[in-house]
Each structure stands twice: as C-alpha cells, then as structure tokens.
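protein.txt, holding compact mmCIF, C-alpha atoms:
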```
# COMPACT_ATOMS: atom_id res chain seq x y z
CA MET A 57 122.24 112.88 114.26
CA LYS A 58 119.04 114.95 114.11
CA GLU A 59 117.79 112.90 111.17
CA ARG A 60 118.70 109.71 113.04
CA THR A 61 116.69 110.82 116.07
CA ARG A 62 113.75 111.80 113.85
CA LEU A 63 113.67 108.39 112.16
CA GLY A 64 113.96 106.57 115.49
CA MET A 65 111.09 108.52 117.05
CA LEU A 66 108.98 108.10 113.91
CA CYS A 67 109.39 104.31 114.03
CA GLY A 68 108.60 104.36 117.74
CA GLY A 69 105.39 106.30 117.11
CA ILE A 70 104.31 103.96 114.31
CA GLY A 71 105.05 100.98 116.57
CA ILE A 72 102.85 102.38 119.35
CA GLY A 73 99.92 102.86 116.96
CA LEU A 74 100.12 99.52 115.14
CA ASN A 75 100.73 97.44 118.28
CA THR A 76 97.79 99.07 120.06
CA ILE A 77 95.54 98.22 117.11
CA LEU A 78 96.85 94.65 117.04
CA PHE A 79 96.21 94.28 120.77
CA GLY A 80 92.59 95.30 120.35
CA ILE A 81 91.73 93.06 117.38
CA LYS A 82 93.67 90.05 118.74
CA LEU A 83 92.02 90.36 122.15
CA LEU A 84 88.68 90.28 120.34
CA ALA A 85 89.79 87.20 118.38
CA GLY A 86 90.97 85.51 121.59
CA ILE A 87 87.63 86.11 123.30
CA ILE A 88 85.66 84.82 120.29
CA SER A 89 87.82 81.69 119.81
CA ASN A 90 88.42 80.99 123.53
CA SER A 91 92.15 80.60 122.71
CA ILE A 92 94.78 81.22 125.38
CA ALA A 93 97.46 81.43 122.67
CA ILE A 94 95.64 84.22 120.78
CA THR A 95 94.90 86.11 124.01
CA ALA A 96 98.52 85.79 125.12
CA ASP A 97 99.61 86.96 121.68
CA ALA A 98 97.35 90.00 122.10
CA PHE A 99 99.01 90.97 125.39
CA ASN A 100 102.36 90.38 123.71
CA ASN A 101 101.38 93.17 121.28
CA LEU A 102 100.37 95.37 124.20
CA SER A 103 103.83 94.93 125.69
CA ASP A 104 105.25 95.73 122.24
CA ALA A 105 103.40 99.06 122.35
CA GLY A 106 105.07 99.72 125.70
CA SER A 107 108.42 98.77 124.15
CA SER A 108 107.80 101.26 121.32
CA ILE A 109 107.12 103.98 123.89
CA ILE A 110 110.43 103.14 125.57
CA MET A 111 112.22 103.23 122.21
CA LEU A 112 110.64 106.59 121.34
CA PHE A 113 111.74 108.16 124.62
CA GLY A 114 115.12 106.41 124.33
CA PHE A 115 115.85 108.17 121.03
CA LYS A 116 114.60 111.48 122.44
CA LEU A 117 116.75 111.28 125.59
CA ALA A 118 119.79 110.02 123.67
CA ASP A 119 119.66 113.19 121.58
CA GLU A 120 120.07 115.40 124.65
CA ALA A 121 123.14 117.65 124.43
CA PRO A 122 126.25 116.88 126.53
CA ASP A 123 126.38 118.44 129.99
CA LYS A 124 128.93 118.76 132.78
CA ASP A 125 128.00 115.35 134.22
CA HIS A 126 127.91 113.62 130.81
CA PRO A 127 130.52 115.35 128.61
CA PHE A 128 130.21 112.72 125.87
CA GLY A 129 126.43 113.02 125.62
CA HIS A 130 123.62 110.61 126.46
CA GLY A 131 123.86 108.25 123.49
CA ARG A 132 124.07 105.09 125.60
CA ILE A 133 120.48 105.63 126.73
CA GLU A 134 119.56 104.14 123.35
CA TYR A 135 121.32 100.90 124.36
CA VAL A 136 119.51 100.97 127.70
CA SER A 137 116.14 101.37 125.96
CA GLY A 138 117.00 98.43 123.70
CA LEU A 139 117.83 96.35 126.78
CA ILE A 140 114.49 97.26 128.38
CA VAL A 141 112.69 96.19 125.19
CA SER A 142 114.55 92.87 125.38
CA VAL A 143 113.50 92.40 129.02
CA PHE A 144 109.87 92.98 127.98
CA ILE A 145 110.26 90.26 125.34
CA LEU A 146 111.64 87.82 127.93
CA MET A 147 108.83 88.61 130.40
CA VAL A 148 106.19 88.00 127.73
CA ALA A 149 107.84 84.69 126.82
CA PHE A 150 107.74 83.56 130.46
CA GLU A 151 104.10 84.50 130.97
CA LEU A 152 103.10 82.87 127.67
CA PHE A 153 104.91 79.67 128.58
CA LYS A 154 103.23 79.57 131.99
CA SER A 155 99.77 80.08 130.45
CA SER A 156 100.48 77.46 127.78
CA VAL A 157 101.44 74.83 130.38
CA ASN A 158 98.14 75.44 132.15
CA LYS A 159 96.35 75.01 128.81
CA MET A 160 98.17 71.69 128.26
CA ILE A 161 96.91 70.44 131.61
CA GLN A 162 93.38 71.72 131.07
CA PRO A 163 92.72 71.96 127.30
CA VAL A 164 89.72 73.97 126.16
CA GLU A 165 87.87 73.45 122.87
CA LEU A 166 88.58 76.28 120.45
CA GLU A 167 86.08 78.19 118.34
CA SER A 168 87.17 79.29 114.88
CA SER A 169 85.51 81.71 112.48
CA PRO A 170 86.46 83.59 109.33
CA LEU A 171 86.72 86.74 111.46
CA VAL A 172 89.28 85.14 113.82
CA VAL A 173 91.33 83.71 110.92
CA GLY A 174 91.19 87.04 109.09
CA ILE A 175 92.40 88.93 112.18
CA LEU A 176 95.35 86.58 112.61
CA VAL A 177 96.33 86.79 108.93
CA VAL A 178 96.19 90.59 109.00
CA SER A 179 98.25 90.55 112.22
CA VAL A 180 100.97 88.49 110.54
CA LEU A 181 101.10 90.87 107.57
CA ILE A 182 101.32 93.95 109.81
CA LYS A 183 104.13 92.40 111.88
CA LEU A 184 106.06 91.51 108.72
CA ILE A 185 105.78 95.13 107.55
CA MET A 186 106.99 96.30 110.99
CA TRP A 187 109.89 93.85 110.83
CA ILE A 188 110.93 95.15 107.40
CA TYR A 189 110.87 98.86 108.22
CA ASN A 190 112.48 98.43 111.66
CA ARG A 191 115.20 96.24 110.17
CA VAL A 192 115.92 98.52 107.20
CA ILE A 193 115.97 101.74 109.22
CA GLY A 194 117.76 100.04 112.13
CA LYS A 195 120.60 99.06 109.81
CA LYS A 196 120.59 102.47 108.12
CA ILE A 197 121.06 104.36 111.39
CA GLU A 198 122.96 101.52 113.15
CA SER A 199 120.52 101.27 116.05
CA SER A 200 120.65 98.20 118.32
CA ALA A 201 117.36 99.27 119.95
CA MET A 202 115.58 99.28 116.60
CA GLN A 203 117.21 95.99 115.62
CA ALA A 204 115.83 94.52 118.87
CA THR A 205 112.38 95.82 117.91
CA ALA A 206 112.76 94.26 114.45
CA THR A 207 113.66 90.93 116.07
CA ASP A 208 110.58 91.21 118.25
CA SER A 209 108.39 91.91 115.19
CA ILE A 210 109.53 88.85 113.22
CA SER A 211 109.18 86.74 116.38
CA ASP A 212 105.61 87.97 116.73
CA ALA A 213 104.86 87.17 113.09
CA VAL A 214 106.09 83.59 113.52
CA ALA A 215 104.27 83.29 116.84
CA THR A 216 100.97 84.42 115.30
CA CYS A 217 101.45 81.94 112.40
CA VAL A 218 101.84 79.13 114.92
CA VAL A 219 98.77 80.33 116.83
CA LEU A 220 96.79 80.42 113.56
CA ILE A 221 97.80 76.84 112.78
CA GLY A 222 96.79 75.74 116.28
CA THR A 223 93.42 77.46 115.96
CA LEU A 224 92.65 75.80 112.61
CA VAL A 225 93.82 72.35 113.74
CA GLY A 226 91.84 72.57 116.98
CA SER A 227 88.67 73.72 115.22
CA TYR A 228 88.65 71.27 112.31
CA THR A 229 90.26 68.11 113.75
CA GLY A 230 89.41 68.27 117.45
CA PHE A 231 93.08 67.98 118.46
CA GLN A 232 93.66 70.66 121.06
CA ILE A 233 97.30 71.62 120.50
CA ASP A 234 96.79 75.24 121.51
CA GLY A 235 98.80 74.86 124.72
CA PHE A 236 101.69 73.01 123.07
CA LEU A 237 101.96 75.54 120.27
CA GLY A 238 101.78 78.37 122.81
CA ALA A 239 104.74 76.84 124.67
CA LEU A 240 106.66 76.50 121.41
CA VAL A 241 105.97 80.15 120.62
CA ALA A 242 107.12 81.13 124.13
CA VAL A 243 110.46 79.37 123.62
CA PHE A 244 110.91 81.06 120.25
CA ILE A 245 110.13 84.50 121.73
CA PHE A 246 112.52 83.83 124.63
CA LEU A 247 115.41 83.04 122.27
CA ALA A 248 114.68 86.18 120.25
CA GLY A 249 114.62 88.26 123.45
CA PHE A 250 117.86 86.71 124.68
CA ASN A 251 119.69 87.50 121.42
CA ALA A 252 118.30 91.04 121.40
CA ALA A 253 119.46 91.55 125.02
CA LYS A 254 122.93 90.32 124.14
CA ASP A 255 123.16 92.82 121.27
CA THR A 256 122.36 95.72 123.63
CA ILE A 257 124.38 94.54 126.65
CA ASN A 258 127.62 94.16 124.65
CA PRO A 259 128.02 97.88 123.79
CA LEU A 260 127.09 98.81 127.37
CA LEU A 261 129.84 96.55 128.75
CA GLY A 262 132.35 97.67 126.13
CA MET A 263 132.72 95.43 123.09
CA LYS A 264 135.33 94.93 120.40
CA PRO A 265 135.04 97.64 117.73
CA ASP A 266 133.99 96.86 114.19
CA GLU A 267 136.96 95.48 112.23
CA GLU A 268 136.16 97.58 109.16
CA PHE A 269 136.16 100.73 111.31
CA VAL A 270 139.55 99.80 112.81
CA LYS A 271 140.95 99.09 109.34
CA LYS A 272 139.84 102.53 108.11
CA ILE A 273 141.58 104.20 111.09
CA GLU A 274 144.81 102.27 110.48
CA GLU A 275 144.82 103.03 106.74
CA MET A 276 144.15 106.72 107.32
CA VAL A 277 146.86 107.16 109.96
CA MET A 278 149.44 105.10 108.05
CA SER A 279 148.82 107.08 104.84
CA TYR A 280 151.14 109.78 106.25
CA ASP A 281 154.84 109.15 105.54
CA LEU A 282 155.84 110.56 108.90
CA VAL A 283 154.01 107.78 110.77
CA ILE A 284 156.08 104.58 111.01
CA GLY A 285 153.50 102.45 112.81
CA ILE A 286 150.54 102.55 115.19
CA HIS A 287 149.57 100.56 118.27
CA ASP A 288 147.44 100.73 121.44
CA LEU A 289 144.35 101.73 119.46
CA ILE A 290 141.35 102.03 121.79
CA VAL A 291 137.80 102.76 120.63
CA HIS A 292 135.42 104.18 123.25
CA ASN A 293 131.74 103.97 122.29
CA TYR A 294 129.48 106.50 124.04
CA GLY A 295 126.52 105.71 121.83
CA PRO A 296 125.83 105.78 118.07
CA GLY A 297 127.70 108.66 116.46
CA ARG A 298 129.59 109.40 119.69
CA ILE A 299 132.94 107.63 119.40
CA LEU A 300 136.26 108.60 120.97
CA ILE A 301 139.47 106.89 119.82
CA SER A 302 142.98 107.04 121.20
CA LEU A 303 146.13 105.55 119.68
CA HIS A 304 149.90 105.69 119.71
CA ALA A 305 151.61 106.78 116.49
CA GLU A 306 155.28 105.88 116.05
CA VAL A 307 157.34 108.74 114.61
CA PRO A 308 161.12 109.15 113.97
CA SER A 309 162.91 110.19 117.13
CA ASP A 310 165.18 112.54 115.15
CA GLY A 311 162.31 114.25 113.30
CA ASP A 312 161.32 117.89 113.66
CA LEU A 313 159.02 118.10 116.70
CA ILE A 314 156.95 121.02 115.37
CA GLU A 315 156.42 119.32 112.00
CA MET A 316 155.46 116.00 113.60
CA HIS A 317 153.03 117.69 115.98
CA ASP A 318 151.43 119.51 113.04
CA VAL A 319 150.96 116.22 111.15
CA ILE A 320 149.44 114.52 114.20
CA ASP A 321 147.00 117.43 114.59
CA LEU A 322 146.09 117.09 110.93
CA ILE A 323 145.41 113.34 111.35
CA GLU A 324 143.18 114.00 114.39
CA HIS A 325 141.13 116.56 112.44
CA ARG A 326 140.81 114.21 109.46
CA LEU A 327 139.64 111.33 111.64
CA ARG A 328 137.02 113.64 113.12
CA SER A 329 135.74 114.85 109.75
CA ASP A 330 135.94 111.56 107.79
CA LEU A 331 134.97 108.99 110.45
CA SER A 332 132.91 111.21 112.81
CA CYS A 333 134.99 110.37 115.88
CA GLN A 334 136.99 112.37 118.38
CA ALA A 335 140.66 111.34 118.20
CA VAL A 336 143.54 111.65 120.67
CA ILE A 337 146.94 110.58 119.30
CA HIS A 338 150.06 110.07 121.41
CA MET A 339 153.42 110.35 119.62
CA ASP A 340 155.92 107.57 120.31
CA PRO A 341 159.47 108.48 119.18
CA VAL A 342 161.20 105.52 117.54
CA CYS A 343 164.89 105.35 116.77
CA VAL A 344 165.15 104.48 113.07
CA HIS A 345 168.73 105.38 112.17
CA ASP A 346 170.68 103.74 115.01
CA GLU A 347 172.36 100.56 113.76
CA GLN A 348 172.56 98.84 117.17
CA THR A 349 168.89 99.53 117.99
CA ASN A 350 167.72 98.25 114.59
CA ARG A 351 169.86 95.12 114.87
CA LEU A 352 168.66 94.23 118.36
CA ARG A 353 165.04 94.98 117.39
CA GLU A 354 165.25 92.40 114.60
CA VAL A 355 166.90 89.88 116.94
CA VAL A 356 164.07 90.21 119.48
CA LYS A 357 161.40 90.05 116.73
CA GLU A 358 162.86 86.74 115.53
CA MET A 359 162.91 85.35 119.09
CA VAL A 360 159.29 86.33 119.65
CA ALA A 361 158.23 84.91 116.27
CA GLU A 362 159.89 81.56 117.13
CA ILE A 363 157.62 81.28 120.18
CA SER A 364 154.46 82.15 118.22
CA GLY A 365 153.47 84.04 115.10
CA GLU A 366 150.60 85.56 117.10
CA LEU A 367 153.03 87.59 119.23
CA SER A 368 154.53 90.94 118.23
CA ILE A 369 156.51 93.79 119.76
CA HIS A 370 156.45 97.58 119.48
CA ASP A 371 157.90 100.68 121.17
CA PHE A 372 161.36 99.10 121.07
CA ARG A 373 164.27 101.12 122.45
CA ILE A 374 167.58 100.43 124.19
CA VAL A 375 169.11 102.02 127.28
CA VAL A 376 172.89 101.57 127.28
CA GLY A 377 174.69 101.51 130.62
CA PRO A 378 178.31 100.95 131.72
CA THR A 379 177.73 97.29 132.70
CA HIS A 380 174.64 96.20 130.76
CA THR A 381 172.03 97.26 128.21
CA ASN A 382 168.27 97.23 128.77
CA LEU A 383 166.01 96.31 125.88
CA VAL A 384 162.73 98.06 126.59
CA PHE A 385 159.64 97.11 124.55
CA ASP A 386 155.94 96.26 124.65
CA LEU A 387 154.87 92.66 123.99
CA LEU A 388 151.47 92.29 122.30
CA ILE A 389 149.75 89.09 123.49
CA PRO A 390 146.39 87.83 122.15
CA TYR A 391 143.59 87.00 124.57
CA ARG A 392 143.41 83.36 125.73
CA PHE A 393 146.99 82.66 124.64
CA SER A 394 148.28 79.18 125.51
CA LYS A 395 150.98 80.56 127.84
CA SER A 396 150.48 83.02 130.68
CA ASP A 397 151.88 86.55 130.52
CA SER A 398 154.50 85.79 133.18
CA GLU A 399 155.63 82.63 131.37
CA LEU A 400 156.13 84.56 128.14
CA VAL A 401 158.04 87.37 129.85
CA LYS A 402 160.33 84.86 131.56
CA GLU A 403 160.97 82.87 128.37
CA ILE A 404 161.75 85.91 126.22
CA SER A 405 163.95 87.45 128.95
CA GLU A 406 165.94 84.22 129.24
CA ARG A 407 166.39 83.98 125.47
CA ILE A 408 167.65 87.56 125.26
CA HIS A 409 170.07 87.07 128.14
CA ALA A 410 171.30 83.81 126.63
CA TYR A 411 171.94 85.60 123.33
CA ASP A 412 174.10 88.17 125.12
CA GLU A 413 174.69 88.20 128.89
CA SER A 414 174.93 92.00 128.90
CA LEU A 415 171.37 92.33 127.59
CA TYR A 416 168.34 92.50 129.91
CA ALA A 417 164.70 92.71 128.88
CA VAL A 418 162.25 95.23 130.31
CA ILE A 419 158.90 94.05 128.94
CA GLU A 420 155.53 95.75 129.17
CA ILE A 421 152.54 93.47 128.51
CA ASP A 422 150.02 94.77 126.00
CA LYS A 423 146.69 93.39 124.73
CA GLU A 424 145.18 93.93 121.29
```
Take the structure in the file and write it out as structure tokens.
Amino acid sequence: MKERTRLGMLCGGIGIGLNTILFGIKLLAGIISNSIAITADAFNNLSDAGSSIIMLFGFKLADEAPDKDHPFGHGRIEYVSGLIVSVFILMVAFELFKSSVNKMIQPVELESSPLVVGILVVSVLIKLIMWIYNRVIGKKIESSAMQATATDSISDAVATCVVLIGTLVGSYTGFQIDGFLGALVAVFIFLAGFNAAKDTINPLLGMKPDEEFVKKIEEMVMSYDLVIGIHDLIVHNYGPGRILISLHAEVPSDGDLIEMHDVIDLIEHRLRSDLSCQAVIHMDPVCVHDEQTNRLREVVKEMVAEISGELSIHDFRIVVGPTHTNLVFDLLIPYRFSKSDSELVKEISERIHAYDESLYAVIEIDKE
C-alpha cells in the first residue's frame, strides 16, 4: 500500500509539472495564431494540472490510517478524487463547446507558424507519454483515479491533433473550421469525462465484484473437505486494498463443532493472507446423512429446475411436526428475472403442497 501511494503521488506530481508547462506554451501558441481552439486547449491543460493536484492529495489522504470514525480506512477518497477529475473534464468540455459555437458564428482568420505547429506536435507527444504511464501504472495499482487521468490524457492528445489539423487547414486553405473542430473536440472530451465518471461512481455506489476475485474465493473455501458449499458471498469495497468479505459456509450438522470452527478460522486467515481481504465466515449446519431430508431436497431442486435453470436453492432443512412438515430453504433468484419474487414463492409452494399435502414451504428470497 505504501508503494501504491508513492506511485500515485509521483504520477500526480509529474502531471502537475507537465500540464503547467503545456498550459504556458499552448497559451502562447493560441495568442500567436488567434485560435480559440488552441487557447481552449491550453486552459484544458490548466484544469488538468488542477486535476493532478486533486489526484496527488487523493492518494495522500487515502493512505491515512483508520480511525474511530472510519474503521476501514479512507481508501474511498481515491474514488472521490477520480470523480472530481471527471467533473473537471466535463466542465472543460462544456466551456470548450460554448466557445466553439461562438467561433462558428463569428469565425476569425487563423495565423499559423512553424512555432505554433511545433508547440502542438510537442503537446501531442507529451500527452501520449502521460497517457501511457498513467495507464500502465493505473492498471498496475488498480487505480480508477489514475485510469480517469489516463483517459483525460488520450482525450487531450486527440483534441490537440484535431486543433492542429484545424490550424493548418485554416491557414493554408482559408476555410475557417476552427469552431467546428473545437465543438467536435468538446464532444469527444465530454464522452471521455462521462466514462471516467462512471468508472469512479460505480465503486462509490457499490458495484458487482470482479468475477475472477469471486472465483478465487470460492475455490479457496471449497478446497477444504469440511465445507460442503458456500452462498451469500458479499464483497464490501472500502477502497483499493481495503476489502471485507462475508459468506456462509455449509458444514455437516453432525460434525465436531470445535474442529469445524478451527477450519473456518483457518480459511479466514488464508483469505486474509492470500487475497488481502478481511473475511467473516458464518457456518451453516447442513443435514447430510438424513435420508428424508436428502430425498426432499432433491425433489425441491427438481421442481425449481423445471421452472428455470437460473434458479437454485440452499440452506435446505426440514422441521417435522405432528400434523405437517415445513421445508425451509433459501431461493436464489437472479436480478431482472421474468417472474416476480412473490409469483415464484407461490408457484413453488403450490408445487410442493401438491406433491404432498403434509408439506409446506417456508422460503427465504435471496439474490446473487
């Protein structure tokens, strides 16, 4: 985590320096060429410097140790800083589009010179370098904030290329397309900002965990013979490197309690050491040697499968009474299933009762 913070702050510092330089030379080029697109591009780089400052402080604050008000640390600040960077991108896109529309209405003849062209070419090369290192390091340390900065860098490179084309066309043909190209660049920057914002908002809201990560958890837990099955896996993301998971592990109801508890403790420690996540595992006792329970479990599984292969059950147990028997289980239903939860509960309950009038279903709805 310390190395991650160091790399994030280093990239933020480099971004501040390079974007400040780009702002200065592009502003000079905009003044010389009388181009609104180049000038707007210069202020875009100034906002990028501000974004780099936000990213730098975001990594610094995210590294703060947990406290009594934030027991899981401050890692989500990194997502917040990435969101702020995205908002900056969207604001720049809006201002650039507004300026470009004015330039369409009142076009101004552009002045081109080798100095202006050279500045724009160098700007493109610098932004491509920034895109590469932000992208590579962003993937290495799994940082959405840095990925947003990388997206901004490649957007800027494309935007400057378009501005360069507009400058050359306007200077050598007389066609003043500066405003139109500026608007096109604004739209491109807006889309990049929107996608970057989406990538930072999702973890703040609580998004689906990475499938490969879930698969590793399942394989690790199921590698122990004592565990029959797992369900109700929940992954809580408190920022990069700060993950808490909870799950239910099915164990034999007639097993030795001390032995099973020892194995569950062992699994929790292994998850922490191998996958760098805090783990809380709840033991669910499952009857595995009762003939009636096993038979009825298979009957209910077949009924559920007949309705849809997407449905499944777990935590199955029976409660036998003098007049009737309750079949108690959880029903796992995918999101956006064609039938409502209540419709499924009613249909399965009716099928079970039709199979045997002494059987009643007690169904708990569960989501994956």
Students should find that atom CA of Phe385 of chain A and atom CA of Ile419 of chain A are spaced 5.4 Å
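Our summary of the geometry notes that atom CA of Met263 of chain A is positioned 16.7 Å from atom CA of Cys333 of chain A.
Between atom CA of Asp119 of chain A and atom CA of Met57 of chain A the interatomic distance comes to 7.8 Å.
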So which residues touch Ser332 of chain A within 9 Å, counting all atoms listed in the file, skipping near sequence neighbours fewer than 2 positions away, as a PyMOL selection string? chain A and resi 297-299+327-330+334
Using all atoms listed in the file, tabulate the residues of segment 206-320 of chain A lying at most 9 Å from any atom of segment 136-139 of chain A, each with its closest atom pair and that distance in Å to one decimal, by chain and increasing residue number, as CSV.
```
residue,atom,partner,partner_atom,distance
A:Ala252,CA,A:Leu139,CA,7.6
A:Ala253,CA,A:Leu139,CA,5.4
A:Lys254,CA,A:Leu139,CA,8.3
A:Asp255,CA,A:Leu139,CA,8.4
A:Thr256,CA,A:Leu139,CA,5.6
A:Ile257,CA,A:Leu139,CA,6.8
A:Leu260,CA,A:Val136,CA,7.9
```
Next, dump the selected residues to file, keeping only C-alpha atoms, as a short mmCIF file (atom, residue, chain, number, x, y, z; two decimals), keeping the file's coordinate frame.
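New file part.cif:
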```cif
data_model
loop_
_atom_site.label_atom_id
_atom_site.label_comp_id
_atom_site.auth_asym_id
_atom_site.auth_seq_id
_atom_site.Cartn_x
_atom_site.Cartn_y
_atom_site.Cartn_z
CA ALA A 252 118.30 91.04 121.40
CA ALA A 253 119.46 91.55 125.02
CA LYS A 254 122.93 90.32 124.14
CA ASP A 255 123.16 92.82 121.27
CA THR A 256 122.36 95.72 123.63
CA ILE A 257 124.38 94.54 126.65
CA LEU A 260 127.09 98.81 127.37
#
```
Local residues around (113.1, 98.7, 115.9), at most 10 Å away, using all atoms listed in the file, as an MDAnalysis selection string: chainID A and resid 64 67:68 71 107:108 111:112 138 141 186:195 199:209
May I have the selected residues written with C-alpha atoms, as an mmCIF file, keeping the file's coordinate frame?
```
data_model
loop_
_atom_site.group_PDB
_atom_site.id
_atom_site.type_symbol
_atom_site.label_atom_id
_atom_site.label_comp_id
_atom_site.auth_asym_id
_atom_site.auth_seq_id
_atom_site.Cartn_x
_atom_site.Cartn_y
_atom_site.Cartn_z
ATOM 1 C CA GLY A 64 113.960 106.570 115.490
ATOM 2 C CA CYS A 67 109.390 104.310 114.030
ATOM 3 C CA GLY A 68 108.600 104.360 117.740
ATOM 4 C CA GLY A 71 105.050 100.980 116.570
ATOM 5 C CA SER A 107 108.420 98.770 124.150
ATOM 6 C CA SER A 108 107.800 101.260 121.320
ATOM 7 C CA MET A 111 112.220 103.230 122.210
ATOM 8 C CA LEU A 112 110.640 106.590 121.340
ATOM 9 C CA GLY A 138 117.000 98.430 123.700
ATOM 10 C CA VAL A 141 112.690 96.190 125.190
ATOM 11 C CA MET A 186 106.990 96.300 110.990
ATOM 12 C CA TRP A 187 109.890 93.850 110.830
ATOM 13 C CA ILE A 188 110.930 95.150 107.400
ATOM 14 C CA TYR A 189 110.870 98.860 108.220
ATOM 15 C CA ASN A 190 112.480 98.430 111.660
ATOM 16 C CA ARG A 191 115.200 96.240 110.170
ATOM 17 C CA VAL A 192 115.920 98.520 107.200
ATOM 18 C CA ILE A 193 115.970 101.740 109.220
ATOM 19 C CA GLY A 194 117.760 100.040 112.130
ATOM 20 C CA LYS A 195 120.600 99.060 109.810
ATOM 21 C CA SER A 199 120.520 101.270 116.050
ATOM 22 C CA SER A 200 120.650 98.200 118.320
ATOM 23 C CA ALA A 201 117.360 99.270 119.950
ATOM 24 C CA MET A 202 115.580 99.280 116.600
ATOM 25 C CA GLN A 203 117.210 95.990 115.620
ATOM 26 C CA ALA A 204 115.830 94.520 118.870
ATOM 27 C CA THR A 205 112.380 95.820 117.910
ATOM 28 C CA ALA A 206 112.760 94.260 114.450
ATOM 29 C CA THR A 207 113.660 90.930 116.070
ATOM 30 C CA ASP A 208 110.580 91.210 118.250
ATOM 31 C CA SER A 209 108.390 91.910 115.190
#
```
Which residues come within 10 Å of segment 153-164 of chain A, counting only C-alpha atoms, excluding same-chain residues fewer than 4 positions away, as a PyMOL selection string? chain A and resi 90-93+96+147-149+226+231-243+245-246
Around the point (172.7, 93.7, 126.9) in the file's coordinates, collect all residues with an atom within 9 Å, using only C-alpha atoms, and return them as a list in words.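 Residues with an atom at most 9 Å from (172.7, 93.7, 126.9): Ile374, Val376, Gly377, Thr379, His380, Thr381, Asn382, Leu383, Ile408, His409, Tyr411, Asp412, Glu413, Ser414, Leu415, Tyr416 and Ala417 of chain A.
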For each of A:Ile175, A:Leu247, A:Leu117, A:Leu322, take the minimum atom-to-atom distance to Leu146 of chain A, counting only C-alpha atoms, then give the residue where this is smallest.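 Of the candidates, the smallest distance to Leu146 of chain A is held by A:Leu247.
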When you look at Glu403 of chain A with a cut-off of 12 Å (counting only C-alpha atoms), what residues show up, excluding the ones that are within fewer than 2 positions of it in the same chain? I need them as a PyMOL selection string. chain A and resi 356+359-360+362-363+395-401+405-410+417+419
Residue selection dump (C-alpha atoms) as a PDB file, keeping the file's coordinate frame:
```
ATOM      1  CA  VAL A 356     164.070  90.210 119.480  1.00  0.00           C
ATOM      2  CA  MET A 359     162.910  85.350 119.090  1.00  0.00           C
ATOM      3  CA  VAL A 360     159.290  86.330 119.650  1.00  0.00           C
ATOM      4  CA  GLU A 362     159.890  81.560 117.130  1.00  0.00           C
ATOM      5  CA  ILE A 363     157.620  81.280 120.180  1.00  0.00           C
ATOM      6  CA  LYS A 395     150.980  80.560 127.840  1.00  0.00           C
ATOM      7  CA  SER A 396     150.480  83.020 130.680  1.00  0.00           C
ATOM      8  CA  ASP A 397     151.880  86.550 130.520  1.00  0.00           C
ATOM      9  CA  SER A 398     154.500  85.790 133.180  1.00  0.00           C
ATOM     10  CA  GLU A 399     155.630  82.630 131.370  1.00  0.00           C
ATOM     11  CA  LEU A 400     156.130  84.560 128.140  1.00  0.00           C
ATOM     12  CA  VAL A 401     158.040  87.370 129.850  1.00  0.00           C
ATOM     13  CA  SER A 405     163.950  87.450 128.950  1.00  0.00           C
ATOM     14  CA  GLU A 406     165.940  84.220 129.240  1.00  0.00           C
ATOM     15  CA  ARG A 407     166.390  83.980 125.470  1.00  0.00           C
ATOM     16  CA  ILE A 408     167.650  87.560 125.260  1.00  0.00           C
ATOM     17  CA  HIS A 409     170.070  87.070 128.140  1.00  0.00           C
ATOM     18  CA  ALA A 410     171.300  83.810 126.630  1.00  0.00           C
ATOM     19  CA  ALA A 417     164.700  92.710 128.880  1.00  0.00           C
ATOM     20  CA  ILE A 419     158.900  94.050 128.940  1.00  0.00           C
TER      21      ILE A 419
END
```
Please provide the set of residues having any atom within 8 Å of Thr76 of chain A, restricted to all atoms listed in the file, with same-chain residues fewer than 6 positions apart removed, written as an NGL selection string. :A and (101-102 or 105)
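With distances restricted to all atoms listed in the file, A:Ile421 is the closest residue to Leu388 of chain A from A:Ile314, A:Ile421, A:Ile337, A:Ile182.
For the set A:Gly129, A:Val177, A:Glu151, A:Val384, the residue with the smallest atom-to-atom gap to Leu300 of chain A is A:Gly129, counting only C-alpha atoms.
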Which residue gives the smallest distance to Phe115 of chain A among A:Val143, A:Ile210, A:Gly295, A:Leu331, with only C-alpha atoms counted?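 The closest residue to Phe115 of chain A is A:Gly295.
Residues in contact with Lys423 of chain A at 10 Å, where all atoms listed in the file are counted and same-chain residues fewer than 3 positions away are skipped, are listed as Asp288, Asp386, Leu387, Leu388, Ile389, Pro390 and Tyr391 of chain A.
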Return the single residue from A:Val355, A:Ala121, A:Val277, A:Val173 that is closest to Val225 of chain A, with distances computed using only C-alpha atoms.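 For Val225 of chain A, the nearest of the candidates is A:Val173.
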